>>> print(open('data-v9.cif').read())   # mmCIF, C-alpha atoms
data_start
#
loop_
_atom_site.label_atom_id
_atom_site.label_comp_id
_atom_site.auth_asym_id
_atom_site.auth_seq_id
_atom_site.Cartn_x
_atom_site.Cartn_y
_atom_site.Cartn_z
CA MET A 1 6.61 -79.41 -23.53
CA ALA A 2 5.50 -80.62 -20.11
CA ARG A 3 8.27 -83.24 -19.97
CA LEU A 4 11.24 -84.13 -22.19
CA SER A 5 12.59 -87.64 -22.74
CA LEU A 6 16.21 -88.74 -22.45
CA LEU A 7 16.38 -92.06 -24.30
CA LEU A 8 19.89 -93.46 -24.22
CA ALA A 9 19.86 -95.10 -27.62
CA ALA A 10 21.78 -93.97 -30.63
CA MET A 11 19.72 -93.50 -33.78
CA GLY A 12 18.78 -96.95 -35.01
CA ALA A 13 20.15 -98.80 -31.96
CA SER A 14 17.87 -100.84 -29.72
CA ALA A 15 20.04 -100.52 -26.62
CA MET A 16 23.40 -99.32 -25.40
CA PRO A 17 25.49 -99.96 -22.27
CA PRO A 18 25.70 -97.42 -19.45
CA VAL A 19 28.13 -94.56 -19.96
CA ALA A 20 31.53 -95.51 -18.53
CA HIS A 21 33.92 -93.14 -16.79
CA ALA A 22 36.56 -93.76 -19.45
CA GLN A 23 34.34 -92.27 -22.13
CA THR A 24 34.41 -88.65 -23.16
CA ALA A 25 31.37 -86.38 -23.16
CA ARG A 26 28.22 -87.67 -24.87
CA VAL A 27 25.53 -85.45 -26.31
CA TRP A 28 21.82 -86.20 -26.66
CA ARG A 29 19.83 -83.80 -28.82
CA LEU A 30 16.25 -83.14 -27.80
CA ASP A 31 14.99 -80.65 -30.38
CA GLY A 32 15.46 -82.52 -33.63
CA PRO A 33 17.63 -84.95 -35.59
CA ALA A 34 21.02 -85.90 -34.20
CA ARG A 35 24.04 -84.05 -35.48
CA SER A 36 27.43 -85.64 -36.04
CA GLY A 37 28.62 -87.43 -32.91
CA GLU A 38 25.28 -87.04 -31.13
CA SER A 39 22.37 -89.31 -30.27
CA ALA A 40 18.82 -88.38 -31.16
CA ILE A 41 16.22 -88.45 -28.39
CA ALA A 42 12.93 -90.21 -28.95
CA PRO A 43 10.19 -88.80 -26.68
CA GLY A 44 7.49 -90.85 -25.02
CA THR A 45 9.42 -94.09 -24.58
CA PRO A 46 9.02 -95.91 -21.22
CA TYR A 47 12.21 -96.46 -19.28
CA ALA A 48 14.04 -99.68 -20.16
CA PRO A 49 17.11 -100.97 -18.28
CA GLY A 50 20.31 -100.25 -20.15
CA VAL A 51 18.47 -97.92 -22.52
CA GLY A 52 16.68 -95.15 -20.64
CA GLY A 53 13.45 -93.23 -21.14
CA TYR A 54 10.45 -91.96 -19.19
CA GLU A 55 9.57 -92.96 -15.65
CA SER A 56 5.87 -93.41 -14.85
CA ASP A 57 5.57 -89.87 -13.47
CA GLY A 58 7.15 -88.30 -16.55
CA ALA A 59 10.65 -87.94 -15.11
CA LEU A 60 13.52 -88.92 -17.38
CA SER A 61 16.15 -91.52 -16.59
CA LEU A 62 19.32 -92.84 -18.16
CA PRO A 63 21.55 -95.66 -16.92
CA LEU A 64 24.80 -94.40 -15.42
CA PRO A 65 27.26 -96.12 -13.09
CA GLU A 66 28.11 -94.75 -9.66
CA GLY A 67 30.12 -91.54 -9.69
CA ASN A 68 30.00 -87.79 -10.17
CA TRP A 69 28.67 -86.62 -13.53
CA ARG A 70 28.73 -83.14 -15.04
CA ILE A 71 25.52 -82.35 -16.87
CA THR A 72 25.52 -79.54 -19.44
CA LEU A 73 22.14 -78.37 -20.68
CA ASP A 74 21.60 -76.24 -23.76
CA LEU A 75 18.34 -74.53 -22.80
CA GLY A 76 16.02 -72.82 -25.24
CA SER A 77 13.74 -73.44 -28.19
CA ASP A 78 13.31 -72.01 -31.67
CA LYS A 79 9.56 -72.49 -31.30
CA SER A 80 8.69 -70.84 -27.99
CA ALA A 81 9.94 -69.15 -24.83
CA GLY A 82 10.70 -71.33 -21.82
CA GLN A 83 11.28 -71.28 -18.09
CA THR A 84 13.08 -74.41 -17.02
CA THR A 85 13.61 -75.88 -13.56
CA VAL A 86 15.67 -79.06 -13.25
CA LYS A 87 15.73 -81.53 -10.36
CA ALA A 88 17.91 -84.63 -10.25
CA GLU A 89 17.46 -87.99 -8.52
CA ASN A 90 15.35 -87.45 -5.36
CA ARG A 91 14.32 -83.88 -6.18
CA ARG A 92 17.79 -82.31 -5.84
CA LEU A 93 17.45 -78.76 -7.18
CA MET A 94 19.96 -78.06 -9.97
CA VAL A 95 18.45 -75.27 -12.08
CA LEU A 96 15.73 -72.85 -10.96
CA ASN A 97 13.47 -70.94 -13.34
CA ALA A 98 15.99 -70.46 -16.16
CA ALA A 99 14.20 -68.15 -18.59
CA THR A 100 14.83 -68.32 -22.34
CA ALA A 101 13.24 -66.18 -25.03
CA ARG A 102 12.15 -67.76 -28.29
CA GLY A 103 15.29 -68.58 -30.29
CA GLN A 104 17.63 -67.94 -27.35
CA SER A 105 20.20 -70.46 -26.16
CA VAL A 106 21.41 -70.57 -22.52
CA THR A 107 23.90 -73.02 -21.02
CA ARG A 108 23.53 -74.45 -17.51
CA ARG A 109 25.99 -76.88 -15.89
CA PHE A 110 25.86 -78.87 -12.66
CA ILE A 111 27.21 -82.08 -11.13
CA VAL A 112 25.01 -84.99 -10.06
CA HIS A 113 26.27 -87.70 -7.71
CA VAL A 114 24.92 -91.11 -8.73
CA HIS A 115 25.26 -94.03 -6.34
CA ASN A 116 24.03 -97.50 -5.51
CA ALA A 117 23.85 -99.56 -2.32
CA GLY A 118 26.84 -101.79 -3.02
CA LEU A 119 29.85 -101.88 -0.69
CA GLY A 120 31.94 -104.42 -2.54
CA ALA A 121 32.81 -107.95 -1.54
CA VAL A 122 33.45 -108.64 2.13
CA PRO A 123 36.79 -110.41 2.73
CA GLU A 124 36.56 -113.97 3.97
CA ASN A 125 35.92 -114.19 7.74
CA ALA A 126 35.56 -110.40 8.01
CA PRO A 127 32.45 -108.92 9.65
CA GLY A 128 30.20 -106.50 7.80
CA GLY A 129 27.85 -106.50 4.84
CA ASP A 130 28.17 -105.92 1.12
CA HIS A 131 25.19 -103.53 0.79
CA VAL A 132 23.71 -100.59 2.64
CA ARG A 133 20.73 -101.85 4.64
CA LEU A 134 17.65 -100.36 2.98
CA ARG A 135 13.96 -100.82 3.68
CA PRO A 136 11.89 -101.61 0.55
CA ASP A 137 10.61 -98.03 0.37
CA GLN A 138 14.17 -96.73 0.53
CA ALA A 139 15.54 -99.18 -2.02
CA SER A 140 12.91 -98.07 -4.54
CA GLN A 141 13.95 -94.43 -4.34
CA ARG A 142 15.81 -92.77 -7.19
CA ASN A 143 18.90 -92.21 -5.07
CA TRP A 144 19.63 -95.96 -5.13
CA ASP A 145 18.52 -97.20 -8.56
CA ASP A 146 21.70 -97.23 -10.70
CA ARG A 147 20.41 -94.56 -13.03
CA LEU A 148 20.39 -90.78 -13.36
CA THR A 149 16.91 -89.26 -13.21
CA LEU A 150 16.12 -85.71 -14.28
CA GLU A 151 12.88 -83.78 -13.93
CA PHE A 152 12.27 -80.84 -16.29
CA LEU A 153 9.64 -78.63 -14.65
CA GLY A 154 7.90 -75.34 -15.30
CA THR A 155 7.78 -74.60 -19.03
CA PRO A 156 10.86 -76.58 -20.03
CA ALA A 157 12.84 -75.82 -23.16
CA VAL A 158 15.90 -78.04 -23.60
CA ARG A 159 17.84 -78.41 -26.85
CA SER A 160 20.47 -80.91 -25.74
CA VAL A 161 21.99 -82.72 -22.79
CA THR A 162 25.72 -83.45 -22.48
CA ILE A 163 27.07 -85.86 -19.86
CA GLU A 164 30.69 -86.41 -18.89
CA PRO A 165 32.61 -87.64 -15.82
CA ALA A 166 33.29 -84.91 -13.27
CA GLN A 167 36.37 -84.41 -11.13
CA GLY A 168 36.77 -82.21 -8.07
CA PRO A 169 35.72 -82.16 -4.43
CA THR A 170 32.57 -83.85 -3.13
CA ILE A 171 30.52 -82.69 -0.16
CA PHE A 172 29.15 -85.82 1.55
CA LEU A 173 26.10 -85.20 3.73
CA VAL A 174 25.28 -87.46 6.68
CA GLY A 175 22.34 -86.78 8.96
CA ASP A 176 18.62 -87.21 9.51
CA SER A 177 15.40 -86.01 7.84
CA MET A 178 16.44 -82.35 8.14
CA VAL A 179 19.23 -83.12 5.62
CA ALA A 180 17.89 -86.05 3.57
CA ASP A 181 16.70 -86.11 -0.05
CA HIS A 182 12.93 -86.55 0.30
CA PRO A 183 11.47 -88.36 -2.73
CA ARG A 184 8.02 -86.73 -2.68
CA GLU A 185 6.44 -83.33 -2.24
CA PRO A 186 5.89 -81.37 -0.08
CA THR A 187 8.66 -82.34 2.37
CA ALA A 188 12.10 -80.93 1.58
CA SER A 189 15.46 -80.31 3.24
CA TRP A 190 18.48 -78.08 2.84
CA GLY A 191 20.43 -81.04 1.43
CA GLN A 192 18.15 -81.05 -1.62
CA ILE A 193 18.53 -77.33 -2.29
CA LEU A 194 22.26 -76.88 -1.63
CA PRO A 195 23.41 -78.14 -5.08
CA LEU A 196 21.82 -75.08 -6.71
CA MET A 197 24.05 -72.81 -4.63
CA LEU A 198 27.34 -74.36 -5.76
CA ASP A 199 29.12 -74.08 -9.09
CA ASP A 200 29.69 -76.98 -11.46
CA THR A 201 33.03 -78.00 -9.94
CA VAL A 202 31.64 -79.30 -6.61
CA ALA A 203 29.40 -82.34 -6.12
CA VAL A 204 26.90 -82.92 -3.30
CA ALA A 205 26.46 -86.56 -2.26
CA ASN A 206 23.53 -86.83 0.14
CA TYR A 207 23.44 -90.02 2.24
CA ALA A 208 21.24 -88.66 5.05
CA GLU A 209 18.04 -90.53 5.93
CA SER A 210 14.82 -89.78 7.81
CA GLY A 211 14.83 -91.05 11.37
CA ALA A 212 18.60 -91.61 11.37
CA THR A 213 20.86 -91.23 14.37
CA LEU A 214 24.60 -91.44 14.76
CA LYS A 215 24.17 -95.05 15.86
CA SER A 216 21.63 -96.18 13.25
CA PHE A 217 23.68 -94.59 10.47
CA LEU A 218 26.48 -96.95 11.45
CA ALA A 219 24.21 -99.97 11.89
CA ASP A 220 22.66 -99.48 8.44
CA LEU A 221 26.18 -99.29 6.89
CA ARG A 222 25.48 -95.82 5.51
CA LEU A 223 28.69 -94.45 6.99
CA ASP A 224 30.53 -97.46 5.49
CA LYS A 225 29.15 -96.45 2.08
CA VAL A 226 30.32 -92.86 2.47
CA LEU A 227 33.75 -93.95 3.68
CA SER A 228 34.09 -96.29 0.69
CA LEU A 229 33.78 -93.30 -1.65
CA ILE A 230 35.24 -90.32 0.21
CA LYS A 231 38.71 -89.22 -0.89
CA PRO A 232 41.35 -86.72 0.22
CA GLY A 233 40.10 -83.17 -0.17
CA ASP A 234 36.42 -84.11 0.12
CA TYR A 235 34.12 -82.88 2.90
CA LEU A 236 31.94 -84.72 5.42
CA PHE A 237 29.06 -82.52 6.66
CA ILE A 238 27.64 -84.03 9.88
CA GLN A 239 24.23 -83.04 11.28
CA PHE A 240 22.57 -85.23 13.92
CA GLY A 241 20.60 -84.50 17.07
CA HIS A 242 16.86 -84.59 16.44
CA ASN A 243 16.61 -88.35 16.90
CA ASP A 244 19.74 -88.98 18.97
CA GLN A 245 18.06 -87.14 21.85
CA LYS A 246 15.12 -89.56 22.02
CA ALA A 247 15.55 -91.63 25.18
CA GLN A 248 12.39 -93.52 24.18
CA TRP A 249 14.47 -95.02 21.33
CA PRO A 250 16.82 -97.00 23.61
CA GLN A 251 18.83 -98.71 20.86
CA THR A 252 19.83 -95.42 19.23
CA TYR A 253 19.67 -92.88 22.06
CA ALA A 254 22.96 -90.99 22.54
CA GLU A 255 23.26 -88.78 25.61
CA ALA A 256 24.61 -85.37 24.65
CA GLY A 257 27.65 -85.15 26.90
CA THR A 258 28.87 -88.74 26.57
CA THR A 259 27.82 -91.07 23.74
CA TYR A 260 26.77 -88.32 21.33
CA ARG A 261 30.15 -86.70 21.76
CA ALA A 262 31.93 -90.04 21.39
CA TYR A 263 30.10 -91.00 18.19
CA LEU A 264 30.77 -87.58 16.67
CA ASN A 265 34.46 -88.11 17.48
CA ALA A 266 34.38 -91.40 15.59
CA TYR A 267 32.85 -89.82 12.49
CA ILE A 268 35.40 -87.01 12.60
CA ALA A 269 38.29 -89.46 13.01
CA GLU A 270 37.12 -91.63 10.10
CA ALA A 271 36.95 -88.60 7.81
CA ARG A 272 40.35 -87.28 8.84
CA ARG A 273 41.97 -90.71 8.49
CA ARG A 274 41.02 -90.60 4.81
CA GLY A 275 42.23 -87.06 4.24
CA ALA A 276 38.70 -85.62 4.14
CA ASN A 277 37.51 -82.53 5.98
CA PRO A 278 34.79 -82.88 8.66
CA VAL A 279 32.28 -80.05 9.04
CA LEU A 280 29.77 -79.89 11.91
CA VAL A 281 26.26 -78.53 11.36
CA THR A 282 24.00 -77.88 14.35
CA SER A 283 20.42 -79.12 14.00
CA PRO A 284 17.69 -76.58 13.24
CA GLU A 285 15.18 -75.95 15.98
CA ARG A 286 11.58 -77.13 16.02
CA ARG A 287 8.90 -74.48 15.61
CA ASN A 288 7.63 -74.06 19.16
CA PHE A 289 6.81 -70.49 20.16
CA ASP A 290 6.14 -69.17 23.65
CA ALA A 291 3.55 -66.53 24.47
CA ARG A 292 6.04 -63.75 23.63
CA GLY A 293 6.76 -65.08 20.14
CA ARG A 294 10.14 -66.52 21.10
CA ILE A 295 11.28 -70.03 20.17
CA ILE A 296 11.32 -72.59 22.97
CA PRO A 297 14.56 -74.64 22.66
CA SER A 298 13.89 -78.36 22.19
CA LEU A 299 17.31 -79.83 21.41
CA GLY A 300 18.85 -79.73 24.87
CA ASP A 301 22.64 -79.69 25.02
CA TYR A 302 23.20 -81.19 21.56
CA PRO A 303 23.90 -77.92 19.69
CA ALA A 304 26.16 -76.71 22.51
CA VAL A 305 28.16 -79.96 22.46
CA MET A 306 28.68 -79.64 18.72
CA ARG A 307 29.80 -76.01 19.06
CA GLU A 308 32.23 -76.96 21.80
CA MET A 309 33.68 -79.83 19.79
CA ALA A 310 34.13 -77.67 16.71
CA ALA A 311 36.06 -75.09 18.73
CA GLN A 312 38.21 -77.65 20.55
CA MET A 313 39.02 -79.71 17.45
CA HIS A 314 39.39 -76.79 15.02
CA ILE A 315 36.56 -78.01 12.80
CA PRO A 316 34.39 -75.68 10.69
CA LEU A 317 30.96 -75.14 12.25
CA ILE A 318 27.77 -74.04 10.51
CA ASP A 319 25.32 -73.00 13.24
CA LEU A 320 22.00 -73.73 11.59
CA ASN A 321 20.44 -74.03 15.04
CA ARG A 322 20.91 -70.36 15.92
CA ALA A 323 20.08 -69.20 12.41
CA SER A 324 16.82 -71.19 12.40
CA ILE A 325 15.72 -69.50 15.62
CA THR A 326 16.44 -66.11 14.09
CA LEU A 327 14.50 -67.06 10.97
CA TYR A 328 11.40 -68.35 12.80
CA GLU A 329 11.26 -65.34 15.10
CA ALA A 330 11.63 -62.98 12.15
CA LEU A 331 8.65 -64.64 10.46
CA LYS A 332 6.67 -64.64 13.75
CA PRO A 333 4.13 -67.28 14.84
CA ASP A 334 1.55 -66.33 12.22
CA ARG A 335 3.86 -66.64 9.17
CA ALA A 336 6.47 -69.19 10.21
CA PRO A 337 4.15 -72.22 9.65
CA ALA A 338 4.19 -71.43 5.91
CA MET A 339 7.76 -72.76 5.64
CA PHE A 340 6.88 -76.14 7.19
CA ASN A 341 5.59 -79.44 5.87
CA ASP A 342 1.94 -80.56 6.07
CA GLU A 343 0.61 -77.00 5.75
CA GLY A 344 2.39 -76.05 8.97
CA ARG A 345 0.96 -78.82 11.11
CA ASP A 346 4.41 -80.42 11.10
CA LYS A 347 6.60 -78.29 13.39
CA THR A 348 9.85 -80.04 12.47
CA HIS A 349 10.18 -80.71 8.73
CA TYR A 350 10.33 -78.09 6.01
CA ASN A 351 8.57 -77.62 2.72
CA ALA A 352 10.42 -76.19 -0.30
CA TRP A 353 10.39 -72.62 1.06
CA GLY A 354 11.78 -73.65 4.44
CA ALA A 355 14.37 -75.88 2.79
CA TRP A 356 15.40 -73.00 0.53
CA MET A 357 16.07 -70.64 3.42
CA SER A 358 17.92 -73.25 5.49
CA ALA A 359 20.09 -74.05 2.44
CA ARG A 360 20.84 -70.33 2.13
CA VAL A 361 22.09 -70.45 5.72
CA ILE A 362 24.29 -73.46 4.89
CA ALA A 363 25.71 -71.73 1.80
CA ASP A 364 26.57 -68.65 3.85
CA GLY A 365 28.11 -70.87 6.52
CA ILE A 366 30.33 -72.48 3.89
CA ARG A 367 31.35 -69.04 2.64
CA ALA A 368 32.31 -67.93 6.15
CA ALA A 369 33.86 -71.10 7.58
CA ILE A 370 35.44 -73.02 4.69
CA PRO A 371 37.78 -70.79 2.64
CA ALA A 372 38.53 -73.51 0.06
CA LEU A 373 34.83 -73.88 -0.82
CA ALA A 374 33.86 -70.22 -0.49
CA PRO A 375 34.70 -69.31 -4.13
CA HIS A 376 32.33 -72.05 -5.31
CA ILE A 377 29.23 -70.57 -3.60
CA THR A 378 27.04 -68.95 -6.25
CA SER A 379 24.21 -67.62 -4.06
CA ALA A 380 24.17 -64.11 -2.62
CA PRO A 381 24.61 -63.56 1.14
CA PHE A 382 21.51 -64.29 3.21
CA ASP A 383 20.35 -62.74 6.48
CA PRO A 384 17.93 -65.07 8.34
CA ALA A 385 16.49 -62.02 10.08
CA ARG A 386 15.24 -61.02 6.61
CA PRO A 387 13.36 -63.99 5.14
CA GLU A 388 13.03 -64.11 1.36
CA ASN A 389 10.40 -65.55 -0.93
CA VAL A 390 11.09 -68.08 -3.66
CA ALA A 391 8.95 -70.03 -6.12
CA ILE A 392 10.19 -73.59 -6.78
CA PRO A 393 8.04 -75.61 -9.21
CA PRO A 394 6.85 -78.78 -7.45
CA SER A 395 7.71 -82.29 -8.57
CA ALA A 396 5.02 -84.69 -9.73
CA LEU A 397 5.37 -87.22 -6.89
CA VAL A 398 3.38 -86.28 -3.77
CA SER A 399 2.82 -87.93 -0.39
CA SER A 400 0.92 -86.92 2.73
CA GLN A 401 3.07 -89.19 4.90
CA ARG A 402 5.46 -87.36 7.21
CA PRO A 403 9.14 -88.38 7.39
CA LEU A 404 10.33 -90.57 10.24
CA GLY A 405 11.28 -88.66 13.39
CA ASN A 406 9.90 -85.34 14.61
#
>>> encode(input="data-v9.cif", output="structure tokens")
Amino acid sequence: MARLSLLLAAMGASAMPPVAHAQTARVWRLDGPARSGESAIAPGTPYAPGVGGYESDGALSLPLPEGNWRITLDLGSDKSAGQTTVKAENRRLMVLNAATARGQSVTRRFIVHVHNAGLGAVPENAPGGDHVRLRPDQASQRNWDDRLTLEFLGTPAVRSVTIEPAQGPTIFLVGDSMVADHPREPTASWGQILPLMLDDTVAVANYAESGATLKSFLADLRLDKVLSLIKPGDYLFIQFGHNDQKAQWPQTYAEAGTTYRAYLNAYIAEARRRGANPVLVTSPERRNFDARGRIIPSLGDYPAVMREMAAQMHIPLIDLNRASITLYEALKPDRAPAMFNDEGRDKTHYNAWGAWMSARVIADGIRAAIPALAPHITSAPFDPARPENVAIPPSALVSSQRPLGN
């Protein structure tokens, strides 16, 4: 089976409403007739609002309201062996190369954060907007479409899918293209890979966007959206710098020692006011080598300011900047381009391999700096001085266009 269909219709029903949080777990069987209490899945049906089905690229969608949802997959087939990779929404990696022998059954669980652009009604005479400000290309992405989308890649073998509301902490990600969920191959970021490295009790809610700065994230009401959902005990991972440093973008430029510091303080204060835990992540370096094979720093004082603030304010710090330098120099100038977008011509953005290794750094940083989350990291320790290979099946959607920013 190249793709499997999730059609949210009970046997004999033409449509059904989205799953509500008050409901208990629902099961959709994919390998045959529905059993008691289950829904049968009809393959090959185009997606229909309120019902579900195939997207045009073969991905599978079902209508779900905003929230965190635990997905339980019964992987395997009585007919053949399988090797299943699962991505959710904008290519968030949830399951990687899960092998099943013929007749074997393997369970995989993960949490998917589903969201929309709504912010609720604005009180009379109050400033602000009722939706996140999205360009048409952003609004059409799967992260904003009021449905859960799953890709089954590789040689998928899936018997059933169970969906239920999920409780527990959420890691909210805010940042730029080095964090964002990129909708098309080959660009990727650590934010898309991190969900694979956490157990099924922690959700990752990625609100980062290509080209974003601390200022534009506010202007587009993205921070408002995060703050409308974040709750006590959640985490706000903050990574900005690549675009904030651009003086040629006068409306969003933030000088490292003054406005950048001040805006970071505001983000931190907003998280703490709501009982959430801020975490600072330094931006990864660009791939610029000198004649000796050493990385030429390009981010000025921004990583240093973030390190200083983390120490002064007792905030966990994940130093992706230093780790990225170690990683690039370990790969050396001849091999390092292989982890970057556009066949290495892009010296800023990663492909799946680069995103994988930067996510490994983030997972290790969580393990070291955030004791409450450390037990939920499922990946082994990673040394960026020792790069590792990985094979991640690509998604169907592809674009040669580079993300905003550089």
>>> resolve_selection(input="data-v9.cif", expression="the PyMOL selection byres ((chain A and resi 232) around 9)", output="list of chain:residue names")
A:Pro169, A:Ile230, A:Lys231, A:Gly233, A:Asp234, A:Tyr235, A:Ala271, A:Arg272, A:Arg274, A:Gly275, A:Ala276, A:Asn277
>>> closest_residue(input="data-v9.cif", among="A:Pro33, A:Pro183, A:Pro393, A:Pro46", to="Glu209 of chain A", atoms="all atoms listed in the file")
A:Pro183
>>> closest_residue(input="data-v9.cif", among="A:Val174, A:Glu255, A:Leu280, A:Gly120", to="His314 of chain A", atoms="only C-alpha atoms")
A:Leu280
>>> resolve_selection(input="data-v9.cif", expression="the PyMOL selection byres ((chain A and resi 391) around 9)", output="NGL selection string")
:A and (96-97 or 352-353 or 389-390 or 392-393)
>>> write_last_selection(input="data-v9.cif", atoms="C-alpha atoms", output="short mmCIF file (atom, residue, chain, number, x, y, z; two decimals), keeping the file's coordinate frame")
data_model
loop_
_atom_site.label_atom_id
_atom_site.label_comp_id
_atom_site.auth_asym_id
_atom_site.auth_seq_id
_atom_site.Cartn_x
_atom_site.Cartn_y
_atom_site.Cartn_z
CA LEU A 96 15.73 -72.85 -10.96
CA ASN A 97 13.47 -70.94 -13.34
CA ALA A 352 10.42 -76.19 -0.30
CA TRP A 353 10.39 -72.62 1.06
CA ASN A 389 10.40 -65.55 -0.93
CA VAL A 390 11.09 -68.08 -3.66
CA ILE A 392 10.19 -73.59 -6.78
CA PRO A 393 8.04 -75.61 -9.21
#
>>> resolve_selection(input="data-v9.cif", expression="the PyMOL selection byres ((chain A and resi 146) around 12)", output="list of chain:residue names")
A:Pro18, A:Val19, A:Pro49, A:Gly50, A:Gly52, A:Ser61, A:Leu62, A:Pro63, A:Leu64, A:Pro65, A:Glu66, A:Gly67, A:Glu89, A:His113, A:Val114, A:His115, A:Asn116, A:Ala117, A:Gly118, A:Ala139, A:Ser140, A:Gln141, A:Arg142, A:Asn143, A:Trp144, A:Asp145, A:Arg147, A:Leu148, A:Thr149
>>> closest_residue(input="data-v9.cif", among="A:Leu264, A:Ala338, A:Met197, A:Val226", to="Ser379 of chain A", atoms="all atoms listed in the file")
A:Met197
>>> closest_atom_pairs(input="data-v9.cif", of="segment 238-309 of chain A", to="segment 211-224 of chain A", cutoff="8 Å", atoms="only C-alpha atoms", output="tab-separated table")
residue	atom	partner	partner_atom	distance
A:Phe240	CA	A:Thr213	CA	6.3
A:Gly241	CA	A:Thr213	CA	7.3
A:Asn243	CA	A:Thr213	CA	5.7
A:Asp244	CA	A:Thr213	CA	5.2
A:Thr252	CA	A:Lys215	CA	5.5
A:Tyr253	CA	A:Thr213	CA	8.0
A:Ala254	CA	A:Lys215	CA	7.9
A:Tyr260	CA	A:Leu214	CA	7.6
A:Tyr263	CA	A:Leu214	CA	6.5
A:Leu264	CA	A:Leu214	CA	7.5
>>> closest_residue(input="data-v9.cif", among="A:Asp130, A:Glu151, A:Asp137, A:Asp74", to="Val86 of chain A", atoms="only C-alpha atoms")
A:Glu151
>>> closest_residue(input="data-v9.cif", among="A:Asp290, A:Pro387, A:Asp319, A:Gly354", to="Leu331 of chain A", atoms="only C-alpha atoms")
A:Pro387
>>> atom_distance(input="data-v9.cif", atom1="atom CA of Glu164 of chain A", atom2="atom CA of Pro394 of chain A")
27.5 Å
>>> closest_residue(input="data-v9.cif", among="A:His131, A:Met94, A:Leu198, A:Tyr328", to="Ala380 of chain A", atoms="only C-alpha atoms")
A:Leu198
>>> atom_distance(input="data-v9.cif", atom1="atom CA of Ala291 of chain A", atom2="atom CA of Pro333 of chain A")
9.7 Å
>>> atom_distance(input="data-v9.cif", atom1="atom CA of Ile315 of chain A", atom2="atom CA of Glu270 of chain A")
13.9 Å
>>> residues_near_point(input="data-v9.cif", point="(18.2, -83.8, 10.3)", cutoff="7 Å", atoms="all atoms listed in the file", output="list of chain:residue names")
A:Gly175, A:Asp176, A:Ser177, A:Met178, A:Val179, A:Gln239, A:Phe240, A:His242, A:Ser283
>>> residues_around(input="data-v9.cif", residues="Met339 of chain A", least_positions_apart="6", cutoff="12 Å", atoms="only C-alpha atoms", output="PDB file with C-alpha atoms, in the frame of the given file")
ATOM      1  CA  PRO A 186       5.890 -81.370  -0.080  1.00  0.00           C
ATOM      2  CA  THR A 187       8.660 -82.340   2.370  1.00  0.00           C
ATOM      3  CA  ALA A 188      12.100 -80.930   1.580  1.00  0.00           C
ATOM      4  CA  SER A 189      15.460 -80.310   3.240  1.00  0.00           C
ATOM      5  CA  ARG A 286      11.580 -77.130  16.020  1.00  0.00           C
ATOM      6  CA  ARG A 287       8.900 -74.480  15.610  1.00  0.00           C
ATOM      7  CA  SER A 324      16.820 -71.190  12.400  1.00  0.00           C
ATOM      8  CA  LEU A 327      14.500 -67.060  10.970  1.00  0.00           C
ATOM      9  CA  TYR A 328      11.400 -68.350  12.800  1.00  0.00           C
ATOM     10  CA  LEU A 331       8.650 -64.640  10.460  1.00  0.00           C
ATOM     11  CA  LYS A 332       6.670 -64.640  13.750  1.00  0.00           C
ATOM     12  CA  PRO A 333       4.130 -67.280  14.840  1.00  0.00           C
ATOM     13  CA  ARG A 345       0.960 -78.820  11.110  1.00  0.00           C
ATOM     14  CA  ASP A 346       4.410 -80.420  11.100  1.00  0.00           C
ATOM     15  CA  LYS A 347       6.600 -78.290  13.390  1.00  0.00           C
ATOM     16  CA  THR A 348       9.850 -80.040  12.470  1.00  0.00           C
ATOM     17  CA  HIS A 349      10.180 -80.710   8.730  1.00  0.00           C
ATOM     18  CA  TYR A 350      10.330 -78.090   6.010  1.00  0.00           C
ATOM     19  CA  ASN A 351       8.570 -77.620   2.720  1.00  0.00           C
ATOM     20  CA  ALA A 352      10.420 -76.190  -0.300  1.00  0.00           C
ATOM     21  CA  TRP A 353      10.390 -72.620   1.060  1.00  0.00           C
ATOM     22  CA  GLY A 354      11.780 -73.650   4.440  1.00  0.00           C
ATOM     23  CA  ALA A 355      14.370 -75.880   2.790  1.00  0.00           C
ATOM     24  CA  TRP A 356      15.400 -73.000   0.530  1.00  0.00           C
ATOM     25  CA  MET A 357      16.070 -70.640   3.420  1.00  0.00           C
ATOM     26  CA  SER A 358      17.920 -73.250   5.490  1.00  0.00           C
ATOM     27  CA  PRO A 387      13.360 -63.990   5.140  1.00  0.00           C
ATOM     28  CA  GLU A 388      13.030 -64.110   1.360  1.00  0.00           C
ATOM     29  CA  ASN A 389      10.400 -65.550  -0.930  1.00  0.00           C
ATOM     30  CA  VAL A 390      11.090 -68.080  -3.660  1.00  0.00           C
TER      31      VAL A 390
END
